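Colleague: Got a file for you: final.txt, compact mmCIF, C-alpha atoms.
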```
# COMPACT_ATOMS: atom_id res chain seq x y z
CA MET Z 1 20.08 -12.72 -11.21
CA ALA Z 2 17.74 -9.98 -12.46
CA ARG Z 3 14.44 -9.38 -10.76
CA ARG Z 4 11.45 -10.63 -12.72
CA LYS Z 5 9.67 -8.19 -15.02
CA LYS Z 6 6.86 -6.24 -13.36
CA ILE Z 7 3.58 -6.63 -15.23
CA TYR Z 8 1.24 -4.51 -13.14
CA GLU Z 9 1.10 -2.70 -9.82
CA GLY Z 10 -2.20 -2.16 -8.08
CA LYS Z 11 -3.25 -0.74 -4.74
CA ALA Z 12 -2.64 -3.95 -2.76
CA LYS Z 13 -0.58 -6.22 -5.01
CA THR Z 14 2.18 -6.22 -7.60
CA LEU Z 15 2.25 -8.78 -10.41
CA TYR Z 16 5.46 -10.16 -11.93
CA GLU Z 17 6.20 -12.59 -14.73
CA GLY Z 18 6.08 -16.16 -13.46
CA PRO Z 19 8.82 -18.77 -13.83
CA GLU Z 20 6.84 -20.68 -16.47
CA PRO Z 21 4.77 -19.45 -19.43
CA GLY Z 22 1.19 -18.79 -18.39
CA THR Z 23 2.08 -18.09 -14.76
CA ILE Z 24 2.28 -14.91 -12.68
CA VAL Z 25 3.86 -14.16 -9.31
CA GLN Z 26 1.43 -12.19 -7.17
CA TYR Z 27 3.13 -10.10 -4.45
CA PHE Z 28 1.00 -8.85 -1.52
CA LYS Z 29 1.91 -5.33 -0.35
CA ASP Z 30 1.35 -3.73 3.04
CA ASP Z 31 -0.42 -0.75 1.46
CA ALA Z 32 -3.94 -0.04 2.67
CA THR Z 33 -6.33 2.18 0.73
CA ALA Z 34 -9.96 3.21 1.11
CA PHE Z 35 -12.48 5.51 -0.57
CA ASN Z 36 -10.98 4.94 -4.01
CA ALA Z 37 -7.43 5.51 -2.65
CA GLU Z 38 -8.31 8.87 -1.04
CA LYS Z 39 -7.21 7.36 2.29
CA LYS Z 40 -3.84 5.59 2.30
CA ASP Z 41 -1.44 4.03 4.79
CA VAL Z 42 1.13 1.26 5.09
CA ILE Z 43 0.14 -1.43 7.61
CA GLU Z 44 3.11 -3.62 8.56
CA GLY Z 45 2.30 -7.31 8.07
CA LYS Z 46 -0.98 -6.79 6.18
CA GLY Z 47 0.39 -8.33 2.98
CA VAL Z 48 1.61 -11.43 4.81
CA LEU Z 49 -1.81 -11.99 6.39
CA ASN Z 50 -3.70 -11.47 3.13
CA ASN Z 51 -1.37 -13.88 1.32
CA LEU Z 52 -1.92 -16.60 3.94
CA LEU Z 53 -5.68 -16.07 4.13
CA SER Z 54 -6.15 -15.91 0.35
CA GLU Z 55 -4.22 -19.17 0.02
CA TYR Z 56 -6.47 -20.75 2.65
CA PHE Z 57 -9.68 -19.74 0.85
CA MET Z 58 -8.44 -20.53 -2.68
CA VAL Z 59 -7.25 -24.00 -1.65
CA GLY Z 60 -10.55 -24.64 0.10
CA LEU Z 61 -12.52 -23.61 -2.98
CA GLY Z 62 -10.40 -25.89 -5.15
CA GLN Z 63 -11.15 -28.79 -2.82
CA ILE Z 64 -14.90 -28.41 -3.41
CA GLY Z 65 -14.49 -28.08 -7.17
CA VAL Z 66 -14.59 -24.30 -7.61
CA PRO Z 67 -11.89 -23.40 -10.18
CA THR Z 68 -9.41 -20.68 -9.21
CA HIS Z 69 -6.22 -19.22 -10.65
CA PHE Z 70 -4.24 -20.21 -7.54
CA LEU Z 71 -1.32 -22.64 -7.98
CA LYS Z 72 0.77 -22.40 -4.80
CA ARG Z 73 2.14 -20.03 -2.20
CA LEU Z 74 5.83 -19.29 -2.77
CA ASN Z 75 6.69 -17.53 0.48
CA MET Z 76 5.14 -15.24 3.08
CA ARG Z 77 4.30 -12.52 0.55
CA GLU Z 78 4.05 -14.21 -2.83
CA GLN Z 79 1.94 -16.80 -4.55
CA LEU Z 80 2.08 -18.37 -7.98
CA VAL Z 81 -1.11 -18.08 -10.02
CA ARG Z 82 -2.26 -18.90 -13.53
CA SER Z 83 -2.28 -16.03 -15.96
CA CYS Z 84 -5.83 -15.18 -16.99
CA GLU Z 85 -7.81 -12.48 -18.75
CA ILE Z 86 -9.66 -10.58 -16.04
CA ILE Z 87 -13.27 -9.73 -16.83
CA PRO Z 88 -13.58 -6.00 -15.98
CA LEU Z 89 -16.16 -6.52 -13.25
CA GLU Z 90 -16.19 -6.66 -9.48
CA VAL Z 91 -18.69 -9.33 -8.49
CA ILE Z 92 -20.21 -8.46 -5.10
CA VAL Z 93 -22.27 -10.91 -3.03
CA ARG Z 94 -24.25 -9.44 -0.14
CA ASN Z 95 -25.82 -11.43 2.70
CA TYR Z 96 -26.47 -8.44 4.98
CA ALA Z 97 -26.92 -4.76 4.19
CA ALA Z 98 -23.75 -2.71 4.74
CA GLY Z 99 -21.59 -0.04 3.15
CA SER Z 100 -22.80 1.38 -0.15
CA MET Z 101 -25.98 -0.74 -0.21
CA SER Z 102 -27.12 0.74 3.11
CA LYS Z 103 -26.45 4.26 1.79
CA ARG Z 104 -28.12 3.67 -1.59
CA LEU Z 105 -31.26 1.98 -0.30
CA GLY Z 106 -31.57 3.39 3.22
CA ILE Z 107 -31.35 -0.02 4.86
CA ASP Z 108 -29.82 -0.23 8.32
CA GLU Z 109 -26.39 -1.84 8.40
CA GLY Z 110 -26.57 -5.42 9.58
CA THR Z 111 -30.07 -6.09 8.22
CA GLN Z 112 -30.19 -9.65 6.90
CA LEU Z 113 -31.23 -9.73 3.26
CA PRO Z 114 -34.05 -12.04 2.07
CA ARG Z 115 -31.49 -13.94 0.00
CA PRO Z 116 -27.92 -13.37 -1.19
CA ILE Z 117 -27.89 -10.46 -3.64
CA VAL Z 118 -25.27 -10.36 -6.40
CA GLU Z 119 -24.22 -6.98 -7.78
CA TYR Z 120 -21.72 -5.97 -10.46
CA CYS Z 121 -19.40 -2.97 -10.63
CA TYR Z 122 -17.37 -1.91 -13.64
CA LYS Z 123 -13.67 -2.02 -12.73
CA ASP Z 124 -12.39 1.48 -13.34
CA ASP Z 125 -10.78 3.41 -10.48
CA SER Z 126 -11.07 6.72 -12.33
CA LEU Z 127 -14.87 6.28 -12.38
CA GLY Z 128 -15.09 4.95 -8.83
CA ASP Z 129 -16.02 1.40 -9.93
CA PRO Z 130 -19.66 2.26 -10.76
CA LEU Z 131 -22.54 -0.17 -10.23
CA VAL Z 132 -23.72 -1.67 -13.53
CA SER Z 133 -26.53 -3.98 -14.62
CA GLU Z 134 -26.43 -7.12 -16.74
CA GLU Z 135 -27.81 -4.95 -19.56
CA HIS Z 136 -24.66 -2.79 -19.43
CA ILE Z 137 -22.45 -5.87 -19.33
CA ALA Z 138 -24.15 -7.41 -22.39
CA ALA Z 139 -24.35 -4.15 -24.35
CA PHE Z 140 -20.67 -3.32 -23.92
CA GLY Z 141 -19.49 -6.89 -24.47
CA TRP Z 142 -17.72 -7.32 -21.14
CA ALA Z 143 -19.18 -10.81 -20.76
CA SER Z 144 -21.58 -13.05 -22.68
CA GLN Z 145 -24.87 -14.33 -21.27
CA GLN Z 146 -23.24 -17.74 -20.77
CA ASP Z 147 -20.39 -16.04 -18.92
CA MET Z 148 -22.88 -14.23 -16.69
CA ASP Z 149 -24.69 -17.47 -15.87
CA ASP Z 150 -21.35 -19.06 -14.96
CA ILE Z 151 -20.23 -16.00 -12.96
CA LEU Z 152 -23.46 -16.04 -10.94
CA SER Z 153 -23.04 -19.75 -10.23
CA LEU Z 154 -19.41 -19.29 -9.17
CA ALA Z 155 -20.25 -16.31 -6.94
CA LEU Z 156 -23.00 -18.20 -5.09
CA ARG Z 157 -20.79 -21.27 -4.64
CA VAL Z 158 -18.05 -19.09 -3.17
CA ASN Z 159 -20.65 -17.53 -0.88
CA ASP Z 160 -21.87 -20.93 0.35
CA PHE Z 161 -18.31 -22.03 1.09
CA MET Z 162 -17.18 -18.79 2.71
CA SER Z 163 -20.34 -18.39 4.79
CA GLY Z 164 -19.97 -21.90 6.19
CA VAL Z 165 -16.27 -21.56 6.95
CA MET Z 166 -16.75 -18.24 8.68
CA PHE Z 167 -19.80 -19.30 10.66
CA GLY Z 168 -17.77 -22.24 11.95
CA VAL Z 169 -15.32 -19.84 13.62
CA GLY Z 170 -17.90 -17.37 14.92
CA ILE Z 171 -17.68 -14.84 12.10
CA ARG Z 172 -20.57 -13.50 9.99
CA LEU Z 173 -19.83 -13.09 6.26
CA VAL Z 174 -21.64 -9.83 5.58
CA ASP Z 175 -20.52 -9.40 1.98
CA PHE Z 176 -17.51 -9.91 -0.29
CA LYS Z 177 -16.27 -9.17 -3.77
CA ILE Z 178 -14.39 -11.38 -6.19
CA GLU Z 179 -12.93 -11.06 -9.66
CA ILE Z 180 -13.36 -13.61 -12.41
CA GLY Z 181 -10.79 -14.47 -15.07
CA ARG Z 182 -10.85 -16.33 -18.35
CA VAL Z 183 -8.33 -19.14 -18.76
CA TYR Z 184 -7.75 -20.52 -22.25
CA ASP Z 185 -6.78 -24.11 -23.04
CA GLY Z 186 -6.43 -24.01 -26.82
CA ASP Z 187 -9.83 -22.94 -28.16
CA PHE Z 188 -11.55 -23.86 -24.90
CA GLN Z 189 -12.28 -21.13 -22.36
CA ARG Z 190 -13.23 -21.54 -18.71
CA LEU Z 191 -13.89 -19.07 -15.94
CA VAL Z 192 -11.97 -19.11 -12.67
CA VAL Z 193 -12.02 -17.14 -9.41
CA ALA Z 194 -9.01 -14.80 -9.64
CA ASP Z 195 -7.28 -11.96 -7.77
CA GLU Z 196 -7.61 -12.65 -4.00
CA ILE Z 197 -10.08 -13.46 -1.25
CA SER Z 198 -9.06 -11.82 2.01
CA PRO Z 199 -10.36 -9.42 4.68
CA ASP Z 200 -9.48 -6.67 2.18
CA SER Z 201 -12.31 -7.92 -0.04
CA CYS Z 202 -14.83 -9.15 2.57
CA ARG Z 203 -16.88 -7.69 5.40
CA LEU Z 204 -16.45 -9.94 8.42
CA TRP Z 205 -18.23 -9.33 11.73
CA ASP Z 206 -17.89 -11.28 14.95
CA ILE Z 207 -21.22 -13.06 15.44
CA GLU Z 208 -21.43 -12.38 19.17
CA SER Z 209 -20.05 -8.85 19.52
CA GLY Z 210 -20.47 -7.43 16.02
CA GLN Z 211 -16.78 -6.41 16.05
CA LYS Z 212 -15.53 -5.68 12.55
CA LEU Z 213 -12.64 -7.87 11.39
CA ASP Z 214 -12.15 -6.45 7.90
CA LYS Z 215 -10.97 -3.33 6.07
CA ASP Z 216 -13.76 -1.26 7.64
CA VAL Z 217 -11.44 -1.13 10.66
CA PHE Z 218 -9.14 1.03 8.50
CA ARG Z 219 -11.93 2.88 6.67
CA ARG Z 220 -13.63 3.92 9.90
CA ASP Z 221 -10.60 4.23 12.22
CA LEU Z 222 -11.82 1.44 14.52
CA GLY Z 223 -8.43 0.21 15.74
CA SER Z 224 -5.59 -1.96 14.47
CA LEU Z 225 -6.11 -3.51 11.05
CA THR Z 226 -3.30 -6.02 11.69
CA ASP Z 227 -4.98 -7.15 14.91
CA ALA Z 228 -8.31 -7.62 13.10
CA TYR Z 229 -6.80 -9.65 10.25
CA SER Z 230 -4.66 -11.65 12.70
CA GLU Z 231 -7.81 -12.59 14.63
CA VAL Z 232 -9.40 -13.98 11.46
CA ALA Z 233 -6.22 -15.92 10.66
CA ARG Z 234 -5.98 -17.23 14.23
CA ARG Z 235 -9.56 -18.50 14.25
CA LEU Z 236 -9.06 -20.26 10.92
CA GLY Z 237 -5.83 -21.87 12.14
CA VAL Z 238 -3.78 -20.14 9.48
CA MET Z 239 -1.28 -18.84 12.03
CA PRO Z 240 -0.41 -19.59 15.68
CA ASN Z 241 -1.98 -17.66 18.56
CA ASN Z 242 1.18 -15.61 19.17
CA PRO Z 243 2.97 -15.34 15.81
CA PRO Z 244 6.31 -13.57 15.52
CA ALA Z 245 6.23 -10.15 13.87
CA PRO Z 246 6.19 -10.79 10.12
CA SER Z 247 9.34 -9.90 8.26
CA LYS Z 248 9.49 -8.56 4.73
CA PRO Z 249 11.43 -11.04 2.56
CA THR Z 250 12.85 -10.11 -0.79
CA LEU Z 251 11.15 -11.08 -4.01
CA VAL Z 252 11.86 -14.46 -5.58
CA ASN Z 253 14.19 -14.07 -8.56
```
Rewrite the structure of this file - the entire thing - as structure tokens.
Modeller:
Amino acid sequence: MARRKKIYEGKAKTLYEGPEPGTIVQYFKDDATAFNAEKKDVIEGKGVLNNLLSEYFMVGLGQIGVPTHFLKRLNMREQLVRSCEIIPLEVIVRNYAAGSMSKRLGIDEGTQLPRPIVEYCYKDDSLGDPLVSEEHIAAFGWASQQDMDDILSLALRVNDFMSGVMFGVGIRLVDFKIEIGRVYDGDFQRLVVADEISPDSCRLWDIESGQKLDKDVFRRDLGSLTDAYSEVARRLGVMPNNPPAPSKPTLVN
């Protein structure tokens, strides 16, 4: 049986045609990139961990009424999702200053912000995903004002959920980014949380020690990325304390 048609390959995932119309198979790779892909490596087992953790967060969001594109996990590296039109924005929610915000504004990393701050970046790797304002978004027609109101509401609901879940296992949610997609049911459009939610797209710090449990471990050469992601998965009960080394199964045909 022929392998499904590849639709798109990104830095961390490959997308294939799904088994039913309107579905996509999302395959999580072991590739790790940073600094707009200037730094690259292959981290054995990273894709398995991100698949399991993204499933955990997407299912949890669905249970509290936040719509997502997630349908089900197929195996250790793949999940079935609804096809959607991705709005070309990265939606970033910040609870503490870190990364580019600290550099831009001269705020010490780890400083708690007065309230969650939502930022938007235009999704274009060749431009380095530049920061944009709602004025840019409206002027270039990337999203309507109603879309932006809905995106803001979704982002803050995800933040409330994620912050609570992480705090419960001794982890501080410093910041995260999500993507939003449009799903069409006839003439009716709704917005859903799409792509993934994983330590690749969040900053996660241990509350007690400040240890980083996210992709900054790779960016800043702070140790084993697999160990960091495994610790997050272990605390959330996504995997046992001493899991076997993840294998790399073949794609579903």
Colleague: To one decimal place, how far is atom CA of Arg94 of chain Z from atom CA of Trp205 of chain Z in Å?
Modeller: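 It comes out at 13.3 Å.
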Colleague: In Å to one decimal, how far is atom CA of Ser126 of chain Z from atom CA of Lys39 of chain Z?
Modeller: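 Taking atom CA of Lys39 of chain Z and atom CA of Ser126 of chain Z, their separation equals 15.1 Å.
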Colleague: Applying 12 Å and only C-alpha atoms, which residues near segment 132-148 of chain Z remain after dropping the ones on its own chain fewer than 4 positions away? List them as a ChimeraX atom specification.
Modeller: /Z:85-92,118-124,127-128,152-155,180-182,189-192
Colleague: Please compute the atom CA of Glu196 of chain Z-atom CA of Ala97 of chain Z distance, one decimal, in Å.
Modeller: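 Distance reported for this atom pair: 22.4 Å.
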Colleague: Using all atoms listed in the file, determine which residues lie at most 7 Å from segment 58-72 of chain Z, disregarding the query and same-chain residues fewer than 3 positions distant; provide the list as a PyMOL selection string.
Modeller: chain Z and resi 54-55+79-82+192-194
Colleague: Using all atoms listed in the file, find the one residue out of Z:Leu113, Z:Leu225, Z:Met162, Z:Ile43 that sits nearest to Ala98 of chain Z.
Modeller: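 Among the listed residues, Z:Leu113 lies closest to Ala98 of chain Z.
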Colleague: What lies within 10 Å of Lys13 of chain Z using all atoms listed in the file, ignoring chain neighbours under 4 positions off, as a PyMOL selection string?
Modeller: chain Z and resi 8-9+26-31+47+51+77-78+195-196
Colleague: Would you write out those residues with C-alpha atoms, as a PDB file, keeping the file's coordinate frame?
Modeller:
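Generated file (again_10.pdb):
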```pdb
ATOM      1  CA  TYR Z   8       1.240  -4.510 -13.140  1.00  0.00           C
ATOM      2  CA  GLU Z   9       1.100  -2.700  -9.820  1.00  0.00           C
ATOM      3  CA  GLN Z  26       1.430 -12.190  -7.170  1.00  0.00           C
ATOM      4  CA  TYR Z  27       3.130 -10.100  -4.450  1.00  0.00           C
ATOM      5  CA  PHE Z  28       1.000  -8.850  -1.520  1.00  0.00           C
ATOM      6  CA  LYS Z  29       1.910  -5.330  -0.350  1.00  0.00           C
ATOM      7  CA  ASP Z  30       1.350  -3.730   3.040  1.00  0.00           C
ATOM      8  CA  ASP Z  31      -0.420  -0.750   1.460  1.00  0.00           C
ATOM      9  CA  GLY Z  47       0.390  -8.330   2.980  1.00  0.00           C
ATOM     10  CA  ASN Z  51      -1.370 -13.880   1.320  1.00  0.00           C
ATOM     11  CA  ARG Z  77       4.300 -12.520   0.550  1.00  0.00           C
ATOM     12  CA  GLU Z  78       4.050 -14.210  -2.830  1.00  0.00           C
ATOM     13  CA  ASP Z 195      -7.280 -11.960  -7.770  1.00  0.00           C
ATOM     14  CA  GLU Z 196      -7.610 -12.650  -4.000  1.00  0.00           C
TER      15      GLU Z 196
END
```
Colleague: Nearest to Val93 of chain Z among Z:Lys40, Z:Arg203, Z:Arg4, Z:Lys46, with distances taken over all atoms listed in the file: which residue is it?
Modeller: Z:Arg203
Colleague: Go through Z:Thr23, Z:Asn50, Z:Ser224, Z:Thr33 one by one, measure the shortest atom-to-atom distance of each to Val238 of chain Z using only C-alpha atoms, and give the residue with the smallest value.
Modeller: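 The answer is Z:Asn50, which sits nearest to Val238 of chain Z.
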Colleague: Rank Z:Val169, Z:Ala34, Z:Met76, Z:Leu15 by their smallest atom-to-atom distance to Gly237 of chain Z, using only C-alpha atoms, and report the top residue only.
Modeller: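 Checking each of Z:Val169, Z:Ala34, Z:Met76, Z:Leu15 against Gly237 of chain Z, counting only C-alpha atoms, the winner is Z:Val169.
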Colleague: With a distance cut-off of 9 Å and only C-alpha atoms, select the neighbouring residues of Val232 of chain Z, excluding the residue or stretch itself and same-chain residues fewer than 5 positions from it, and output the selection as a PyMOL selection string.
Modeller: chain Z and resi 53+166+169+171+199+204+213-214+227+237-238
Colleague: Counting only C-alpha atoms, which residue out of Z:Asp125, Z:Asp200, Z:Leu173, Z:Ser102 sits closest to Thr226 of chain Z?
Modeller: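 Closest residue, counting only C-alpha atoms: Z:Asp200.
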Colleague: Only C-alpha atoms, please: segment 23-130 of chain Z from the block, as a PDB file, in the first residue's frame.
Modeller:
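Once everything was written out, this is selection_16.pdb:
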```pdb
ATOM      1  CA  THR Z  23      -8.296  15.237   8.013  1.00  0.00           C
ATOM      2  CA  ILE Z  24      -4.499  15.357   8.214  1.00  0.00           C
ATOM      3  CA  VAL Z  25      -1.944  13.015   9.767  1.00  0.00           C
ATOM      4  CA  GLN Z  26       0.584  15.025  11.764  1.00  0.00           C
ATOM      5  CA  TYR Z  27       3.945  13.248  12.199  1.00  0.00           C
ATOM      6  CA  PHE Z  28       6.301  14.465  14.953  1.00  0.00           C
ATOM      7  CA  LYS Z  29       9.986  14.400  13.977  1.00  0.00           C
ATOM      8  CA  ASP Z  30      13.049  14.209  16.205  1.00  0.00           C
ATOM      9  CA  ASP Z  31      14.565  17.295  14.581  1.00  0.00           C
ATOM     10  CA  ALA Z  32      15.423  20.171  16.900  1.00  0.00           C
ATOM     11  CA  THR Z  33      16.050  23.681  15.593  1.00  0.00           C
ATOM     12  CA  ALA Z  34      16.741  27.055  17.184  1.00  0.00           C
ATOM     13  CA  PHE Z  35      17.555  30.614  16.126  1.00  0.00           C
ATOM     14  CA  ASN Z  36      15.439  30.348  12.979  1.00  0.00           C
ATOM     15  CA  ALA Z  37      17.006  26.955  12.111  1.00  0.00           C
ATOM     16  CA  GLU Z  38      20.596  28.239  12.385  1.00  0.00           C
ATOM     17  CA  LYS Z  39      21.157  25.591  15.071  1.00  0.00           C
ATOM     18  CA  LYS Z  40      20.021  22.057  14.220  1.00  0.00           C
ATOM     19  CA  ASP Z  41      20.242  18.560  15.660  1.00  0.00           C
ATOM     20  CA  VAL Z  42      18.318  15.294  15.828  1.00  0.00           C
ATOM     21  CA  ILE Z  43      17.244  14.375  19.371  1.00  0.00           C
ATOM     22  CA  GLU Z  44      16.191  10.725  19.608  1.00  0.00           C
ATOM     23  CA  GLY Z  45      12.722  10.399  21.149  1.00  0.00           C
ATOM     24  CA  LYS Z  46      11.828  14.112  21.020  1.00  0.00           C
ATOM     25  CA  GLY Z  47       9.007  13.559  18.524  1.00  0.00           C
ATOM     26  CA  VAL Z  48       7.453  10.814  20.653  1.00  0.00           C
ATOM     27  CA  LEU Z  49       7.448  13.054  23.737  1.00  0.00           C
ATOM     28  CA  ASN Z  50       5.995  16.045  21.888  1.00  0.00           C
ATOM     29  CA  ASN Z  51       3.260  13.872  20.382  1.00  0.00           C
ATOM     30  CA  LEU Z  52       2.248  12.519  23.804  1.00  0.00           C
ATOM     31  CA  LEU Z  53       2.400  15.910  25.510  1.00  0.00           C
ATOM     32  CA  SER Z  54       0.527  17.729  22.739  1.00  0.00           C
ATOM     33  CA  GLU Z  55      -2.205  15.093  22.917  1.00  0.00           C
ATOM     34  CA  TYR Z  56      -2.422  15.598  26.682  1.00  0.00           C
ATOM     35  CA  PHE Z  57      -2.835  19.377  26.391  1.00  0.00           C
ATOM     36  CA  MET Z  58      -5.208  19.299  23.398  1.00  0.00           C
ATOM     37  CA  VAL Z  59      -7.495  16.751  25.066  1.00  0.00           C
ATOM     38  CA  GLY Z  60      -7.474  18.806  28.259  1.00  0.00           C
ATOM     39  CA  LEU Z  61      -8.406  21.965  26.370  1.00  0.00           C
ATOM     40  CA  GLY Z  62     -11.243  20.146  24.633  1.00  0.00           C
ATOM     41  CA  GLN Z  63     -12.578  19.012  28.002  1.00  0.00           C
ATOM     42  CA  ILE Z  64     -12.956  22.622  29.163  1.00  0.00           C
ATOM     43  CA  GLY Z  65     -14.583  23.722  25.913  1.00  0.00           C
ATOM     44  CA  VAL Z  66     -11.613  25.209  24.049  1.00  0.00           C
ATOM     45  CA  PRO Z  67     -11.899  24.068  20.400  1.00  0.00           C
ATOM     46  CA  THR Z  68      -8.829  22.446  18.847  1.00  0.00           C
ATOM     47  CA  HIS Z  69      -8.003  20.652  15.613  1.00  0.00           C
ATOM     48  CA  PHE Z  70      -7.012  17.477  17.497  1.00  0.00           C
ATOM     49  CA  LEU Z  71      -9.001  14.291  16.782  1.00  0.00           C
ATOM     50  CA  LYS Z  72      -6.925  11.394  18.156  1.00  0.00           C
ATOM     51  CA  ARG Z  73      -3.420  10.041  18.539  1.00  0.00           C
ATOM     52  CA  LEU Z  74      -2.694   7.274  16.038  1.00  0.00           C
ATOM     53  CA  ASN Z  75       0.576   5.929  17.420  1.00  0.00           C
ATOM     54  CA  MET Z  76       3.698   7.102  19.225  1.00  0.00           C
ATOM     55  CA  ARG Z  77       4.604   9.635  16.524  1.00  0.00           C
ATOM     56  CA  GLU Z  78       1.393  10.509  14.723  1.00  0.00           C
ATOM     57  CA  GLN Z  79      -1.920  12.125  15.465  1.00  0.00           C
ATOM     58  CA  LEU Z  80      -5.015  12.713  13.389  1.00  0.00           C
ATOM     59  CA  VAL Z  81      -6.168  16.328  13.199  1.00  0.00           C
ATOM     60  CA  ARG Z  82      -8.802  18.329  11.360  1.00  0.00           C
ATOM     61  CA  SER Z  83      -7.636  20.159   8.297  1.00  0.00           C
ATOM     62  CA  CYS Z  84      -7.818  23.907   8.827  1.00  0.00           C
ATOM     63  CA  GLU Z  85      -6.653  27.153   7.280  1.00  0.00           C
ATOM     64  CA  ILE Z  86      -3.825  28.423   9.467  1.00  0.00           C
ATOM     65  CA  ILE Z  87      -3.897  32.140  10.215  1.00  0.00           C
ATOM     66  CA  PRO Z  88      -0.328  33.332   9.470  1.00  0.00           C
ATOM     67  CA  LEU Z  89       0.375  34.432  13.030  1.00  0.00           C
ATOM     68  CA  GLU Z  90       2.215  33.065  16.025  1.00  0.00           C
ATOM     69  CA  VAL Z  91       0.200  34.016  19.094  1.00  0.00           C
ATOM     70  CA  ILE Z  92       2.532  34.416  22.081  1.00  0.00           C
ATOM     71  CA  VAL Z  93       1.318  34.666  25.685  1.00  0.00           C
ATOM     72  CA  ARG Z  94       3.849  35.844  28.256  1.00  0.00           C
ATOM     73  CA  ASN Z  95       3.471  35.546  32.030  1.00  0.00           C
ATOM     74  CA  TYR Z  96       7.122  36.272  32.865  1.00  0.00           C
ATOM     75  CA  ALA Z  97       9.786  38.159  30.938  1.00  0.00           C
ATOM     76  CA  ALA Z  98      12.143  35.868  29.008  1.00  0.00           C
ATOM     77  CA  GLY Z  99      13.813  35.424  25.644  1.00  0.00           C
ATOM     78  CA  SER Z 100      13.176  38.129  23.064  1.00  0.00           C
ATOM     79  CA  MET Z 101      11.014  40.239  25.403  1.00  0.00           C
ATOM     80  CA  SER Z 102      13.872  40.527  27.906  1.00  0.00           C
ATOM     81  CA  LYS Z 103      16.238  41.565  25.101  1.00  0.00           C
ATOM     82  CA  ARG Z 104      13.813  44.050  23.521  1.00  0.00           C
ATOM     83  CA  LEU Z 105      12.721  45.776  26.713  1.00  0.00           C
ATOM     84  CA  GLY Z 106      15.705  45.251  29.001  1.00  0.00           C
ATOM     85  CA  ILE Z 107      13.685  43.349  31.591  1.00  0.00           C
ATOM     86  CA  ASP Z 108      15.467  40.702  33.641  1.00  0.00           C
ATOM     87  CA  GLU Z 109      14.504  37.145  32.737  1.00  0.00           C
ATOM     88  CA  GLY Z 110      12.060  35.706  35.231  1.00  0.00           C
ATOM     89  CA  THR Z 111      10.418  39.033  36.106  1.00  0.00           C
ATOM     90  CA  GLN Z 112       6.699  38.440  36.628  1.00  0.00           C
ATOM     91  CA  LEU Z 113       4.631  40.629  34.321  1.00  0.00           C
ATOM     92  CA  PRO Z 114       1.763  42.769  35.703  1.00  0.00           C
ATOM     93  CA  ARG Z 115      -0.651  40.645  33.669  1.00  0.00           C
ATOM     94  CA  PRO Z 116      -0.412  38.141  30.811  1.00  0.00           C
ATOM     95  CA  ILE Z 117       0.791  39.943  27.688  1.00  0.00           C
ATOM     96  CA  VAL Z 118      -0.280  38.675  24.264  1.00  0.00           C
ATOM     97  CA  GLU Z 119       1.980  39.368  21.287  1.00  0.00           C
ATOM     98  CA  TYR Z 120       1.704  38.472  17.603  1.00  0.00           C
ATOM     99  CA  CYS Z 121       4.408  37.487  15.126  1.00  0.00           C
ATOM    100  CA  TYR Z 122       3.960  37.144  11.382  1.00  0.00           C
ATOM    101  CA  LYS Z 123       4.724  33.548  10.382  1.00  0.00           C
ATOM    102  CA  ASP Z 124       7.519  33.798   7.841  1.00  0.00           C
ATOM    103  CA  ASP Z 125      10.805  31.994   8.496  1.00  0.00           C
ATOM    104  CA  SER Z 126      12.626  33.994   5.828  1.00  0.00           C
ATOM    105  CA  LEU Z 127      11.830  37.190   7.772  1.00  0.00           C
ATOM    106  CA  GLY Z 128      12.521  35.680  11.187  1.00  0.00           C
ATOM    107  CA  ASP Z 129       8.836  35.718  12.249  1.00  0.00           C
ATOM    108  CA  PRO Z 130       8.753  39.480  12.976  1.00  0.00           C
TER     109      PRO Z 130
END
```
